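Novice: Here it is: the structure, laid out below.
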Number of protein chains: 2
Amino acid sequence: MNTTDATSPLLRRRNGKLITDARALVASYPAVPITVDCVIFGFEENELKVLLIRSDLQYFEGKWSLLGDIVKETEELEEAAYRILLQRTGMNDVFLEQVKAFGSPSRHPGGRVITIAYCSLLNIKHHELKIYDNELHWHNVKNLNDMAFDHKEVVDESYNWLQKRIQEHPLAFNLLPEKFSLRELQNLYEVILGVELDRRNFRKKFFSMDFLIDLDQYEENVPHRPGKLYKFNFEKYEKNKKKWFAIDF
Amino acid sequence: MNTTDATSPLLRRRNGKLITDARALVASYPAVPITVDCVIFGFEENELKVLLIRSDLQYFEGKWSLLGDIVKETEELEEAAYRILLQRTGMNDVFLEQVKAFGSPSRHPGGRVITIAYCSLLNIKHHELKIYDNELHWHNVKNLNDMAFDHKEVVDESYNWLQKRIQEHPLAFNLLPEKFSLRELQNLYEVILGVELDRRNFRKKFFSMDFLIDLDQYEENVPHRPGKLYKFNFEKYEKNKKKWFAIDF
DNA sequence: CCAAAAGTGTTGCCCCTACACCCATGT
DNA sequence: ACATGGGTGTAGGGGCAACACTTTTGG
């Protein structure tokens with residue numbers, strides 16, 4: 001089978017000739033608007049929440065949308081994501097990582113727009129929202145439907161991504177206050193993973209990892225015996241990161 | 001998106017106006033050419049290899065480049081990746097998965113081009129290359145340098161991605177012939193992960209997973225006792241996929 | 001004193017690791 | 001016969017799961 005396709009500039013051999021005018025080549029390419037969408041997760045009242053606004057588009061009237069924006073011409077993708085976070089939450093020191101690119105030709109009613117989804121984790125309490133335009137607020141991840149664009153799919157993939165990542169890396173601490181009780185930590189894992197965990201085993205697990213700093217402080221204003229407060233030792237973790245290996249499927 | 005008005009009252013709808021002309025909105029956005037780059041891995045002579053061509057650009061004269069192409073206007077991203085694979089290898093039934101988007105404004109000398117990297121795994125022997133334009137051939141992953149664009153970074157990230165994935169999912173079988181010996185399987189894991197594994201434990205591990213079908217056939221033309229041949233039971237694996245859970249970092 | 005959640009140990013099991021010898025084939 | 005890799009079993013240890021009672025605080 002001859003699969004040569006003379007119309008593909010990058011695949012076609014130029015009879016031994018190299019392309020000298022790279023700028024003209026790129027200018028000849030079809031171009032598409034690129035956005036970044038932020039899936040901003042928070043944890044509050046024992047629920048995993050995601051930050052959404054009402055869509056601006058009449059086409060999606062009443063539907064919820066992720067926070068996103070066009071990537072500026074001279075901007076790194078990640079830079080664009082940080083910009084969106086800063087504009088909406090006033091924060092620039094939050095966890096952020098790329099999840100996936102979504103590029104279905106029909107995902108935007110105004111024509112093709114490709115978006116790169118970023119996942120961000122932050123502590124709702126410590127980051128009061130600055131701007132409430134378009135009914136910006138937190139939604140329980142479990143109760144999402146009727147979202148604009150393909151944003152339901154984006155959230156679902158980001159949630160799957162998160163479930164996997166928090167088992168391999170200490171991301172979960174980004175969702176908690178600096179000082180937290182073991183109960184809060186366990187609730188977080190239980191809610192995100194959708195499982196129930198044994199309290200004693202959970203404690204043993206985390207204490208044996210030895211990345212929790214005992215603050216010798218206790219919860220206050222709780223209607224029961226107060227729990228001890230801890231913080232996560234990021235420095236120690238960074239030094240001792242294990243290179244894990246285990247074939248398991 | 002106007003996000004500068006920090007004094008907005010709670011839950012205010014932005015001027016109450018919805019955008020009616022989505023097409024005009026999208027047309028007003030800056031646009032960027034989008035490519036897909038395929039990191040095609042193969043396994044041969046006990047080496048993990050990646051399929052590369054010489055760059056067409058004079059700017060990168062002599063440097064090696066991934067196989068990539070512009071995403072066509074009505075094409076899914078994944079569809080573009082499959083098209084590239086088909087053009088170059090004649091194959092359309094290969095493993096393919098998105099790895100990451102790369103969008104640094106300066107990654108292409110001709111102006112901004114954003115690329116989505118896809119990772120593909122195939123068996124070199126069973127897929128003879130059809131087109132050798134631009135010196136298309138297989139390179140040992142260990143000996144890459146001086147690649148065009150940011151392709152070294154793309155390959156590195158894809159390789160990290162692969163190392164992680166083959167420990168969680170049976171991807172490795174895509175790199176082997178349908179019938180393989182346990183030694184070949186072990187070599188593959190050892191090379192990709194860069195570790196040495198105990199032969200007995202490796203066998204126990206895979207036999208206990210019970211996803212290998214014993215073909216009652218043996219290697220031929222080997223200068224030693226021939227090993228048994230197996231194939232992977234994809235159907236059984238799909239049915240029994242485990243939902244793994246283990247906090248571990 | 002009651003409610004509610006904190007805190008704490010032990011046991012069994014399974015899986016992983018480490019390790020050495022004989023077997024089948026080609027030359 | 002020899003060289004080469006194929007094939008096999010066992011013992012010990014570590015980590016995970018299962019499991020119940022006492023303690024501390026607030027109301």
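Order determines the names: the first chain of the structure tokens is A, the second B, and so forth; residues in each chain are numbered 1 upward, and ligands are numbered 1 upward as they are shown.
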How large is the C-alpha RMSD when chain B is optimally fitted onto chain A, using all Cα positions paired one-to-one in sequence order?
Specialist: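 C-alpha RMSD, chain B fitted to chain A: 3.0 Å.
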Novice: Using only C-alpha atoms and a cut-off of 6 Å, which residues of chain A sit close to chain B? Please list them as a tab-separated table (two decimals) with all heavy atoms, in the first residue's frame.
Specialist:
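Full text of iface13.tsv as output:
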```
chain	number	residue	atom	x	y	z
A	3	THR	N	1.21	4.82	0.99
A	3	THR	CA	0.53	5.74	1.89
A	3	THR	C	1.12	7.15	1.84
A	3	THR	O	0.88	7.96	2.69
A	3	THR	CB	0.63	5.24	3.34
A	3	THR	OG1	2.01	5.00	3.62
A	3	THR	CG2	-0.17	4.00	3.54
A	10	LEU	N	4.74	18.31	6.48
A	10	LEU	CA	5.75	17.76	7.37
A	10	LEU	C	6.17	16.36	6.96
A	10	LEU	O	7.21	15.89	7.36
A	10	LEU	CB	5.25	17.75	8.82
A	10	LEU	CG	5.17	19.12	9.47
A	10	LEU	CD1	4.72	18.97	10.91
A	10	LEU	CD2	6.51	19.83	9.42
A	13	ARG	N	8.82	14.50	1.55
A	13	ARG	CA	10.22	14.75	1.33
A	13	ARG	C	10.36	15.77	0.21
A	13	ARG	O	9.72	15.67	-0.83
A	13	ARG	CB	10.93	13.46	0.93
A	13	ARG	CG	12.40	13.69	0.77
A	13	ARG	CD	13.13	12.42	0.44
A	13	ARG	NE	14.55	12.70	0.34
A	13	ARG	CZ	15.37	12.67	1.37
A	13	ARG	NH1	14.91	12.38	2.55
A	13	ARG	NH2	16.64	12.94	1.21
A	18	LEU	N	15.85	21.24	1.75
A	18	LEU	CA	15.39	21.62	3.08
A	18	LEU	C	14.55	22.89	2.98
A	18	LEU	O	14.72	23.71	2.08
A	18	LEU	CB	16.58	21.86	3.99
A	18	LEU	CG	17.40	20.61	4.32
A	18	LEU	CD1	18.62	20.99	5.13
A	18	LEU	CD2	16.54	19.61	5.07
A	19	ILE	N	13.66	23.03	3.94
A	19	ILE	CA	12.82	24.23	3.97
A	19	ILE	C	13.59	25.35	4.65
A	19	ILE	O	14.02	25.21	5.79
A	19	ILE	CB	11.52	23.93	4.72
A	19	ILE	CG1	10.72	22.87	3.96
A	19	ILE	CG2	10.70	25.20	4.93
A	19	ILE	CD1	9.64	22.23	4.77
A	20	THR	N	13.74	26.42	3.93
A	20	THR	CA	14.55	27.51	4.49
A	20	THR	C	13.69	28.54	5.20
A	20	THR	O	14.12	29.14	6.18
A	20	THR	CB	15.34	28.23	3.37
A	20	THR	OG1	14.42	28.62	2.35
A	20	THR	CG2	16.39	27.29	2.79
A	22	ALA	N	11.05	28.90	7.47
A	22	ALA	CA	10.17	28.26	8.46
A	22	ALA	C	8.95	29.12	8.75
A	22	ALA	O	7.85	28.62	8.97
A	22	ALA	CB	10.94	28.00	9.76
A	23	ARG	N	9.16	30.43	8.72
A	23	ARG	CA	8.06	31.35	9.04
A	23	ARG	C	6.95	31.26	7.99
A	23	ARG	O	5.76	31.21	8.32
A	23	ARG	CB	8.61	32.77	9.15
A	23	ARG	CG	7.70	33.75	9.84
A	23	ARG	CD	8.47	34.88	10.50
A	23	ARG	NE	9.14	34.45	11.72
A	23	ARG	CZ	8.54	34.32	12.89
A	23	ARG	NH1	7.24	34.59	13.02
A	23	ARG	NH2	9.20	33.92	13.95
A	26	VAL	N	4.99	27.95	8.56
A	26	VAL	CA	4.02	28.01	9.66
A	26	VAL	C	2.84	28.89	9.27
A	26	VAL	O	1.68	28.58	9.58
A	26	VAL	CB	4.69	28.52	10.95
A	26	VAL	CG1	3.64	28.83	12.01
A	26	VAL	CG2	5.69	27.49	11.46
A	29	TYR	N	0.03	27.16	7.53
A	29	TYR	CA	-0.77	26.16	8.26
A	29	TYR	C	-2.14	26.72	8.66
A	29	TYR	O	-2.24	27.89	9.00
A	29	TYR	CB	-0.07	25.74	9.56
A	29	TYR	CG	1.20	24.94	9.38
A	29	TYR	CD1	2.14	24.92	10.41
A	29	TYR	CD2	1.46	24.20	8.24
A	29	TYR	CE1	3.31	24.17	10.30
A	29	TYR	CE2	2.62	23.47	8.12
A	29	TYR	CZ	3.55	23.46	9.15
A	29	TYR	OH	4.70	22.73	9.03
A	30	PRO	N	-3.16	25.89	8.65
A	30	PRO	CA	-4.43	26.34	9.24
A	30	PRO	C	-4.23	26.55	10.73
A	30	PRO	O	-3.41	25.87	11.36
A	30	PRO	CB	-5.38	25.16	8.98
A	30	PRO	CG	-4.50	23.99	8.75
A	30	PRO	CD	-3.22	24.50	8.18
A	31	ALA	N	-4.94	27.49	11.30
A	31	ALA	CA	-4.75	27.83	12.70
A	31	ALA	C	-6.06	27.73	13.47
A	31	ALA	O	-7.13	27.87	12.89
A	31	ALA	CB	-4.17	29.23	12.83
A	32	VAL	N	-5.95	27.46	14.74
A	32	VAL	CA	-7.12	27.21	15.58
A	32	VAL	C	-6.95	27.99	16.89
A	32	VAL	O	-5.85	28.03	17.43
A	32	VAL	CB	-7.21	25.70	15.92
A	32	VAL	CG1	-8.44	25.39	16.74
A	32	VAL	CG2	-7.18	24.87	14.65
A	33	PRO	N	-8.02	28.58	17.41
A	33	PRO	CA	-7.90	29.23	18.72
A	33	PRO	C	-7.65	28.19	19.82
A	33	PRO	O	-8.22	27.10	19.80
A	33	PRO	CB	-9.26	29.89	18.91
A	33	PRO	CG	-9.86	29.99	17.56
A	33	PRO	CD	-9.34	28.80	16.80
A	56	ASP	N	-21.17	32.25	29.46
A	56	ASP	CA	-21.48	33.54	28.85
A	56	ASP	C	-22.27	33.39	27.55
A	56	ASP	O	-22.80	34.36	27.04
A	56	ASP	CB	-20.16	34.22	28.46
A	56	ASP	CG	-19.78	35.30	29.45
A	56	ASP	OD1	-20.63	35.64	30.30
A	56	ASP	OD2	-18.64	35.78	29.38
A	57	LEU	N	-22.26	32.18	27.03
A	57	LEU	CA	-22.85	32.01	25.70
A	57	LEU	C	-24.34	31.70	25.78
A	57	LEU	O	-24.76	30.84	26.54
A	57	LEU	CB	-22.15	30.86	24.96
A	57	LEU	CG	-20.68	31.06	24.65
A	57	LEU	CD1	-20.14	29.84	23.90
A	57	LEU	CD2	-20.48	32.31	23.81
A	58	GLN	N	-25.10	32.39	24.96
A	58	GLN	CA	-26.54	32.13	24.93
A	58	GLN	C	-26.82	30.68	24.57
A	58	GLN	O	-27.74	30.05	25.09
A	58	GLN	CB	-27.20	33.05	23.91
A	58	GLN	CG	-28.71	32.94	23.93
A	58	GLN	CD	-29.37	33.95	23.01
A	58	GLN	OE1	-29.16	33.96	21.79
A	58	GLN	NE2	-30.15	34.82	23.59
A	74	THR	N	2.02	35.19	23.37
A	74	THR	CA	3.40	34.95	23.82
A	74	THR	C	3.44	34.22	25.16
A	74	THR	O	4.46	34.24	25.84
A	74	THR	CB	4.14	36.28	23.98
A	74	THR	OG1	3.43	37.06	24.96
A	74	THR	CG2	4.20	37.03	22.68
A	76	GLU	N	3.11	30.96	27.78
A	76	GLU	CA	3.17	29.51	27.97
A	76	GLU	C	1.78	29.02	28.34
A	76	GLU	O	0.98	29.74	28.95
A	76	GLU	CB	4.12	29.16	29.12
A	76	GLU	CG	5.56	29.54	28.90
A	76	GLU	CD	6.27	28.57	27.97
A	76	GLU	OE1	5.76	27.45	27.76
A	76	GLU	OE2	7.33	28.94	27.43
A	77	LEU	N	1.49	27.76	28.04
A	77	LEU	CA	0.19	27.20	28.39
A	77	LEU	C	-0.03	27.27	29.90
A	77	LEU	O	-1.09	27.69	30.38
A	77	LEU	CB	0.10	25.75	27.91
A	77	LEU	CG	0.25	25.52	26.40
A	77	LEU	CD1	0.27	24.03	26.09
A	77	LEU	CD2	-0.87	26.21	25.65
A	103	GLY	N	-9.88	18.30	21.84
A	103	GLY	CA	-9.87	19.00	20.56
A	103	GLY	C	-10.92	18.56	19.57
A	103	GLY	O	-10.74	18.73	18.36
A	104	SER	N	-12.01	18.00	20.05
A	104	SER	CA	-13.05	17.60	19.11
A	104	SER	C	-13.48	18.81	18.28
A	104	SER	O	-13.68	19.90	18.82
A	104	SER	CB	-14.24	17.04	19.88
A	104	SER	OG	-15.26	16.72	18.99
A	105	PRO	N	-13.62	18.64	16.96
A	105	PRO	CA	-13.94	19.79	16.10
A	105	PRO	C	-15.27	20.45	16.47
A	105	PRO	O	-15.48	21.63	16.18
A	105	PRO	CB	-14.01	19.18	14.70
A	105	PRO	CG	-13.24	17.91	14.78
A	105	PRO	CD	-13.42	17.41	16.19
A	110	GLY	N	-19.09	27.87	18.32
A	110	GLY	CA	-18.66	28.97	17.46
A	110	GLY	C	-17.59	28.59	16.47
A	110	GLY	O	-17.05	29.45	15.78
A	130	LYS	N	-12.46	36.45	44.89
A	130	LYS	CA	-12.43	37.91	44.79
A	130	LYS	C	-13.51	38.44	43.85
A	130	LYS	O	-13.91	39.58	43.93
A	130	LYS	CB	-11.06	38.37	44.27
A	130	LYS	CG	-9.88	37.88	45.08
A	130	LYS	CD	-9.91	38.39	46.51
A	130	LYS	CE	-8.67	37.95	47.26
A	130	LYS	NZ	-8.85	38.04	48.72
A	131	ILE	N	-13.88	37.62	42.93
A	131	ILE	CA	-14.77	38.10	41.87
A	131	ILE	C	-15.89	37.09	41.69
A	131	ILE	O	-15.64	35.92	41.44
A	131	ILE	CB	-14.00	38.22	40.53
A	131	ILE	CG1	-12.76	39.08	40.72
A	131	ILE	CG2	-14.88	38.77	39.44
A	131	ILE	CD1	-11.78	38.96	39.57
A	132	TYR	N	-17.10	37.59	41.82
A	132	TYR	CA	-18.23	36.66	41.75
A	132	TYR	C	-19.02	36.79	40.45
A	132	TYR	O	-20.15	36.37	40.38
A	132	TYR	CB	-19.14	36.84	42.96
A	132	TYR	CG	-18.48	36.35	44.22
A	132	TYR	CD1	-17.72	37.19	45.02
A	132	TYR	CD2	-18.61	35.01	44.58
A	132	TYR	CE1	-17.12	36.73	46.17
A	132	TYR	CE2	-18.01	34.53	45.73
A	132	TYR	CZ	-17.27	35.39	46.53
A	132	TYR	OH	-16.67	34.92	47.65
A	133	ASP	N	-18.42	37.39	39.43
A	133	ASP	CA	-19.09	37.49	38.14
A	133	ASP	C	-19.61	36.13	37.70
A	133	ASP	O	-19.01	35.10	37.99
A	133	ASP	CB	-18.10	37.96	37.07
A	133	ASP	CG	-17.95	39.47	37.12
A	133	ASP	OD1	-18.50	40.08	38.03
A	133	ASP	OD2	-17.27	40.02	36.23
A	134	ASN	N	-20.66	36.17	36.97
A	134	ASN	CA	-21.22	34.95	36.38
A	134	ASN	C	-21.48	33.86	37.41
A	134	ASN	O	-21.28	32.69	37.15
A	134	ASN	CB	-20.29	34.40	35.29
A	134	ASN	CG	-20.22	35.32	34.09
A	134	ASN	OD1	-19.88	36.48	34.22
A	134	ASN	ND2	-20.60	34.80	32.95
A	135	GLU	N	-21.90	34.32	38.62
A	135	GLU	CA	-22.28	33.35	39.65
A	135	GLU	C	-21.19	32.35	39.97
A	135	GLU	O	-21.45	31.19	40.26
A	135	GLU	CB	-23.55	32.59	39.24
A	135	GLU	CG	-24.73	33.51	38.98
A	135	GLU	CD	-25.93	32.74	38.50
A	135	GLU	OE1	-26.25	31.73	39.14
A	135	GLU	OE2	-26.53	33.14	37.48
A	167	GLN	N	-3.10	8.91	45.23
A	167	GLN	CA	-2.61	7.66	45.81
A	167	GLN	C	-1.11	7.50	45.62
A	167	GLN	O	-0.47	6.68	46.26
A	167	GLN	CB	-3.34	6.47	45.20
A	167	GLN	CG	-4.83	6.50	45.52
A	167	GLN	CD	-5.56	5.31	44.94
A	167	GLN	OE1	-5.20	4.18	45.18
A	167	GLN	NE2	-6.57	5.59	44.16
A	168	GLU	N	-0.56	8.29	44.72
A	168	GLU	CA	0.86	8.16	44.41
A	168	GLU	C	1.68	9.35	44.90
A	168	GLU	O	2.89	9.25	45.06
A	168	GLU	CB	1.06	8.06	42.89
A	168	GLU	CG	0.40	6.86	42.28
A	168	GLU	CD	0.33	6.96	40.76
A	168	GLU	OE1	0.84	7.95	40.20
A	168	GLU	OE2	-0.24	6.06	40.14
A	169	HIS	N	1.00	10.49	45.06
A	169	HIS	CA	1.72	11.70	45.46
A	169	HIS	C	0.90	12.44	46.51
A	169	HIS	O	-0.32	12.36	46.51
A	169	HIS	CB	1.95	12.60	44.24
A	169	HIS	CG	2.71	11.94	43.15
A	169	HIS	ND1	4.06	11.72	43.20
A	169	HIS	CD2	2.30	11.41	41.97
A	169	HIS	CE1	4.45	11.10	42.11
A	169	HIS	NE2	3.40	10.89	41.34
A	247	ILE	N	5.05	-4.21	39.26
A	247	ILE	CA	4.15	-4.56	38.16
A	247	ILE	C	2.85	-5.04	38.78
A	247	ILE	O	2.85	-5.92	39.63
A	247	ILE	CB	4.75	-5.68	37.28
A	247	ILE	CG1	6.04	-5.19	36.64
A	247	ILE	CG2	3.77	-6.12	36.22
A	247	ILE	CD1	6.82	-6.29	35.94
A	248	ASP	N	1.76	-4.44	38.38
A	248	ASP	CA	0.52	-4.72	39.07
A	248	ASP	C	-0.66	-4.32	38.21
A	248	ASP	O	-1.01	-3.14	38.13
A	248	ASP	CB	0.51	-3.91	40.38
A	248	ASP	CG	-0.46	-4.51	41.37
A	248	ASP	OD1	-0.89	-5.65	41.16
A	248	ASP	OD2	-0.78	-3.82	42.35
A	249	PHE	N	-1.23	-5.30	37.54
A	249	PHE	CA	-2.45	-5.02	36.81
A	249	PHE	C	-3.33	-6.25	36.68
A	249	PHE	O	-3.00	-7.28	37.19
A	249	PHE	CB	-2.16	-4.44	35.43
A	249	PHE	CG	-1.14	-5.18	34.60
A	249	PHE	CD1	-1.49	-6.31	33.89
A	249	PHE	CD2	0.17	-4.74	34.55
A	249	PHE	CE1	-0.55	-6.98	33.12
A	249	PHE	CE2	1.11	-5.43	33.80
A	249	PHE	CZ	0.76	-6.55	33.08
```
Novice: Taking a cut-off of 10 Å and counting only C-alpha atoms (C1' of nucleotides), can you build a table that, for each residue of chain A near chain C, reports the nearest atom pair and how far apart they are in Å (one decimal), sorted by chain then residue number, as a tab-separated table?
Specialist:
```
residue	atom	partner	partner_atom	distance
A:Leu182	CA	C:DA6	C1'	9.8
A:Arg183	CA	C:DA6	C1'	9.0
A:Arg199	CA	C:DG7	C1'	9.9
A:Arg200	CA	C:DT8	C1'	8.0
A:Arg203	CA	C:DG7	C1'	9.9
A:Val222	CA	C:DA5	C1'	9.6
A:Pro223	CA	C:DA4	C1'	7.4
A:His224	CA	C:DA4	C1'	5.5
A:Arg225	CA	C:DA6	C1'	6.2
A:Pro226	CA	C:DA6	C1'	7.1
A:Gly227	CA	C:DA6	C1'	6.0
A:Lys228	CA	C:DA6	C1'	8.7
A:Ala246	CA	C:DC16	C1'	9.7
```
Novice: Using Å and a single decimal, report how far CA of Val36 (chain B) sits from CA of Leu171 (chain B).
Specialist: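 About the pair CA of Leu171 (chain B) and CA of Val36 (chain B): they are 21.3 Å apart.
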Novice: Under the rule of at most 12 Å, produce a per-residue listing of chain D near chain B: chain, number, name, the closest pair of atoms, and the distance in Å, as a tab-separated table, using only C-alpha atoms (C1' of nucleotides).
Specialist:
```
residue	atom	partner	partner_atom	distance
D:DC2	C1'	B:His224	CA	11.7
D:DA3	C1'	B:His224	CA	8.4
D:DT4	C1'	B:His224	CA	5.3
D:DG5	C1'	B:His224	CA	6.0
D:DG6	C1'	B:Gly227	CA	5.9
D:DG7	C1'	B:Arg200	CA	8.8
D:DT8	C1'	B:Arg200	CA	8.0
D:DG9	C1'	B:Arg200	CA	9.6
D:DT10	C1'	B:Arg200	CA	12.0
D:DG15	C1'	B:Ala246	CA	11.3
D:DC16	C1'	B:Ala246	CA	9.6
```
Novice: May I have the selected residues written with N, CA, C and O atoms (P, O5', C5', C4', C3', O3' and C1' of nucleotides), as a PDB file, in the first residue's frame?
Specialist:
```pdb
ATOM      1  P    DC D   2      33.631 -31.072  29.519  1.00  0.00           P
ATOM      2  O5'  DC D   2      32.800 -29.910  28.799  1.00  0.00           O
ATOM      3  C5'  DC D   2      33.444 -29.192  27.731  1.00  0.00           C
ATOM      4  C4'  DC D   2      32.539 -28.097  27.223  1.00  0.00           C
ATOM      5  C3'  DC D   2      31.949 -27.229  28.347  1.00  0.00           C
ATOM      6  O3'  DC D   2      31.871 -25.901  27.854  1.00  0.00           O
ATOM      7  C1'  DC D   2      30.230 -28.008  27.000  1.00  0.00           C
ATOM      8  P    DA D   3      32.366 -24.679  28.660  1.00  0.00           P
ATOM      9  O5'  DA D   3      31.504 -23.557  27.946  1.00  0.00           O
ATOM     10  C5'  DA D   3      31.371 -23.626  26.524  1.00  0.00           C
ATOM     11  C4'  DA D   3      30.042 -23.038  26.115  1.00  0.00           C
ATOM     12  C3'  DA D   3      29.501 -21.978  27.076  1.00  0.00           C
ATOM     13  O3'  DA D   3      28.969 -20.931  26.285  1.00  0.00           O
ATOM     14  C1'  DA D   3      27.881 -23.647  26.756  1.00  0.00           C
ATOM     15  P    DT D   4      28.621 -19.524  26.921  1.00  0.00           P
ATOM     16  O5'  DT D   4      27.049 -19.497  26.784  1.00  0.00           O
ATOM     17  C5'  DT D   4      26.443 -19.772  25.520  1.00  0.00           C
ATOM     18  C4'  DT D   4      24.972 -19.991  25.747  1.00  0.00           C
ATOM     19  C3'  DT D   4      24.375 -19.077  26.833  1.00  0.00           C
ATOM     20  O3'  DT D   4      23.341 -18.312  26.261  1.00  0.00           O
ATOM     21  C1'  DT D   4      23.660 -21.319  27.090  1.00  0.00           C
ATOM     22  P    DG D   5      22.941 -16.825  26.822  1.00  0.00           P
ATOM     23  O5'  DG D   5      21.552 -17.130  27.532  1.00  0.00           O
ATOM     24  C5'  DG D   5      20.458 -17.362  26.660  1.00  0.00           C
ATOM     25  C4'  DG D   5      19.626 -18.471  27.214  1.00  0.00           C
ATOM     26  C3'  DG D   5      18.638 -18.029  28.307  1.00  0.00           C
ATOM     27  O3'  DG D   5      17.335 -18.291  27.841  1.00  0.00           O
ATOM     28  C1'  DG D   5      19.681 -20.060  28.833  1.00  0.00           C
ATOM     29  P    DG D   6      16.059 -18.227  28.699  1.00  0.00           P
ATOM     30  O5'  DG D   6      15.784 -19.784  28.896  1.00  0.00           O
ATOM     31  C5'  DG D   6      15.319 -20.546  27.801  1.00  0.00           C
ATOM     32  C4'  DG D   6      14.561 -21.762  28.297  1.00  0.00           C
ATOM     33  C3'  DG D   6      13.353 -21.445  29.165  1.00  0.00           C
ATOM     34  O3'  DG D   6      12.333 -22.395  28.861  1.00  0.00           O
ATOM     35  C1'  DG D   6      14.996 -22.591  30.460  1.00  0.00           C
ATOM     36  P    DG D   7      10.885 -22.094  29.493  1.00  0.00           P
ATOM     37  O5'  DG D   7      10.992 -22.781  30.928  1.00  0.00           O
ATOM     38  C5'  DG D   7      10.911 -24.200  31.012  1.00  0.00           C
ATOM     39  C4'  DG D   7      11.235 -24.631  32.414  1.00  0.00           C
ATOM     40  C3'  DG D   7      10.314 -24.060  33.499  1.00  0.00           C
ATOM     41  O3'  DG D   7       9.469 -25.103  33.964  1.00  0.00           O
ATOM     42  C1'  DG D   7      12.611 -24.122  34.170  1.00  0.00           C
ATOM     43  P    DT D   8       8.307 -24.770  34.970  1.00  0.00           P
ATOM     44  O5'  DT D   8       8.949 -25.022  36.410  1.00  0.00           O
ATOM     45  C5'  DT D   8       9.345 -26.332  36.758  1.00  0.00           C
ATOM     46  C4'  DT D   8      10.117 -26.309  38.047  1.00  0.00           C
ATOM     47  C3'  DT D   8       9.359 -25.717  39.246  1.00  0.00           C
ATOM     48  O3'  DT D   8       9.381 -26.674  40.277  1.00  0.00           O
ATOM     49  C1'  DT D   8      11.545 -24.851  39.126  1.00  0.00           C
ATOM     50  P    DG D   9       8.156 -26.806  41.261  1.00  0.00           P
ATOM     51  O5'  DG D   9       8.822 -26.387  42.651  1.00  0.00           O
ATOM     52  C5'  DG D   9       9.949 -27.098  43.141  1.00  0.00           C
ATOM     53  C4'  DG D   9      10.401 -26.455  44.432  1.00  0.00           C
ATOM     54  C3'  DG D   9       9.293 -26.187  45.456  1.00  0.00           C
ATOM     55  O3'  DG D   9       9.755 -26.658  46.720  1.00  0.00           O
ATOM     56  C1'  DG D   9      10.542 -24.219  45.101  1.00  0.00           C
ATOM     57  P    DT D  10       8.780 -26.624  47.992  1.00  0.00           P
ATOM     58  O5'  DT D  10       9.829 -26.299  49.160  1.00  0.00           O
ATOM     59  C5'  DT D  10      11.185 -25.967  48.831  1.00  0.00           C
ATOM     60  C4'  DT D  10      11.607 -24.792  49.698  1.00  0.00           C
ATOM     61  C3'  DT D  10      10.619 -24.453  50.819  1.00  0.00           C
ATOM     62  O3'  DT D  10      11.350 -24.100  51.977  1.00  0.00           O
ATOM     63  C1'  DT D  10      11.061 -22.537  49.584  1.00  0.00           C
ATOM     64  P    DG D  15       7.301  -2.547  55.609  1.00  0.00           P
ATOM     65  O5'  DG D  15       5.860  -2.693  54.966  1.00  0.00           O
ATOM     66  C5'  DG D  15       5.747  -3.105  53.608  1.00  0.00           C
ATOM     67  C4'  DG D  15       4.303  -3.474  53.331  1.00  0.00           C
ATOM     68  C3'  DG D  15       3.301  -2.472  53.917  1.00  0.00           C
ATOM     69  O3'  DG D  15       2.222  -2.357  53.007  1.00  0.00           O
ATOM     70  C1'  DG D  15       2.885  -4.615  54.799  1.00  0.00           C
ATOM     71  P    DC D  16       1.207  -1.135  53.157  1.00  0.00           P
ATOM     72  O5'  DC D  16      -0.216  -1.835  53.027  1.00  0.00           O
ATOM     73  C5'  DC D  16      -0.384  -2.899  52.083  1.00  0.00           C
ATOM     74  C4'  DC D  16      -1.517  -3.780  52.558  1.00  0.00           C
ATOM     75  C3'  DC D  16      -2.686  -2.987  53.155  1.00  0.00           C
ATOM     76  O3'  DC D  16      -3.878  -3.320  52.451  1.00  0.00           O
ATOM     77  C1'  DC D  16      -2.019  -4.752  54.613  1.00  0.00           C
TER      78       DC D  16
END
```
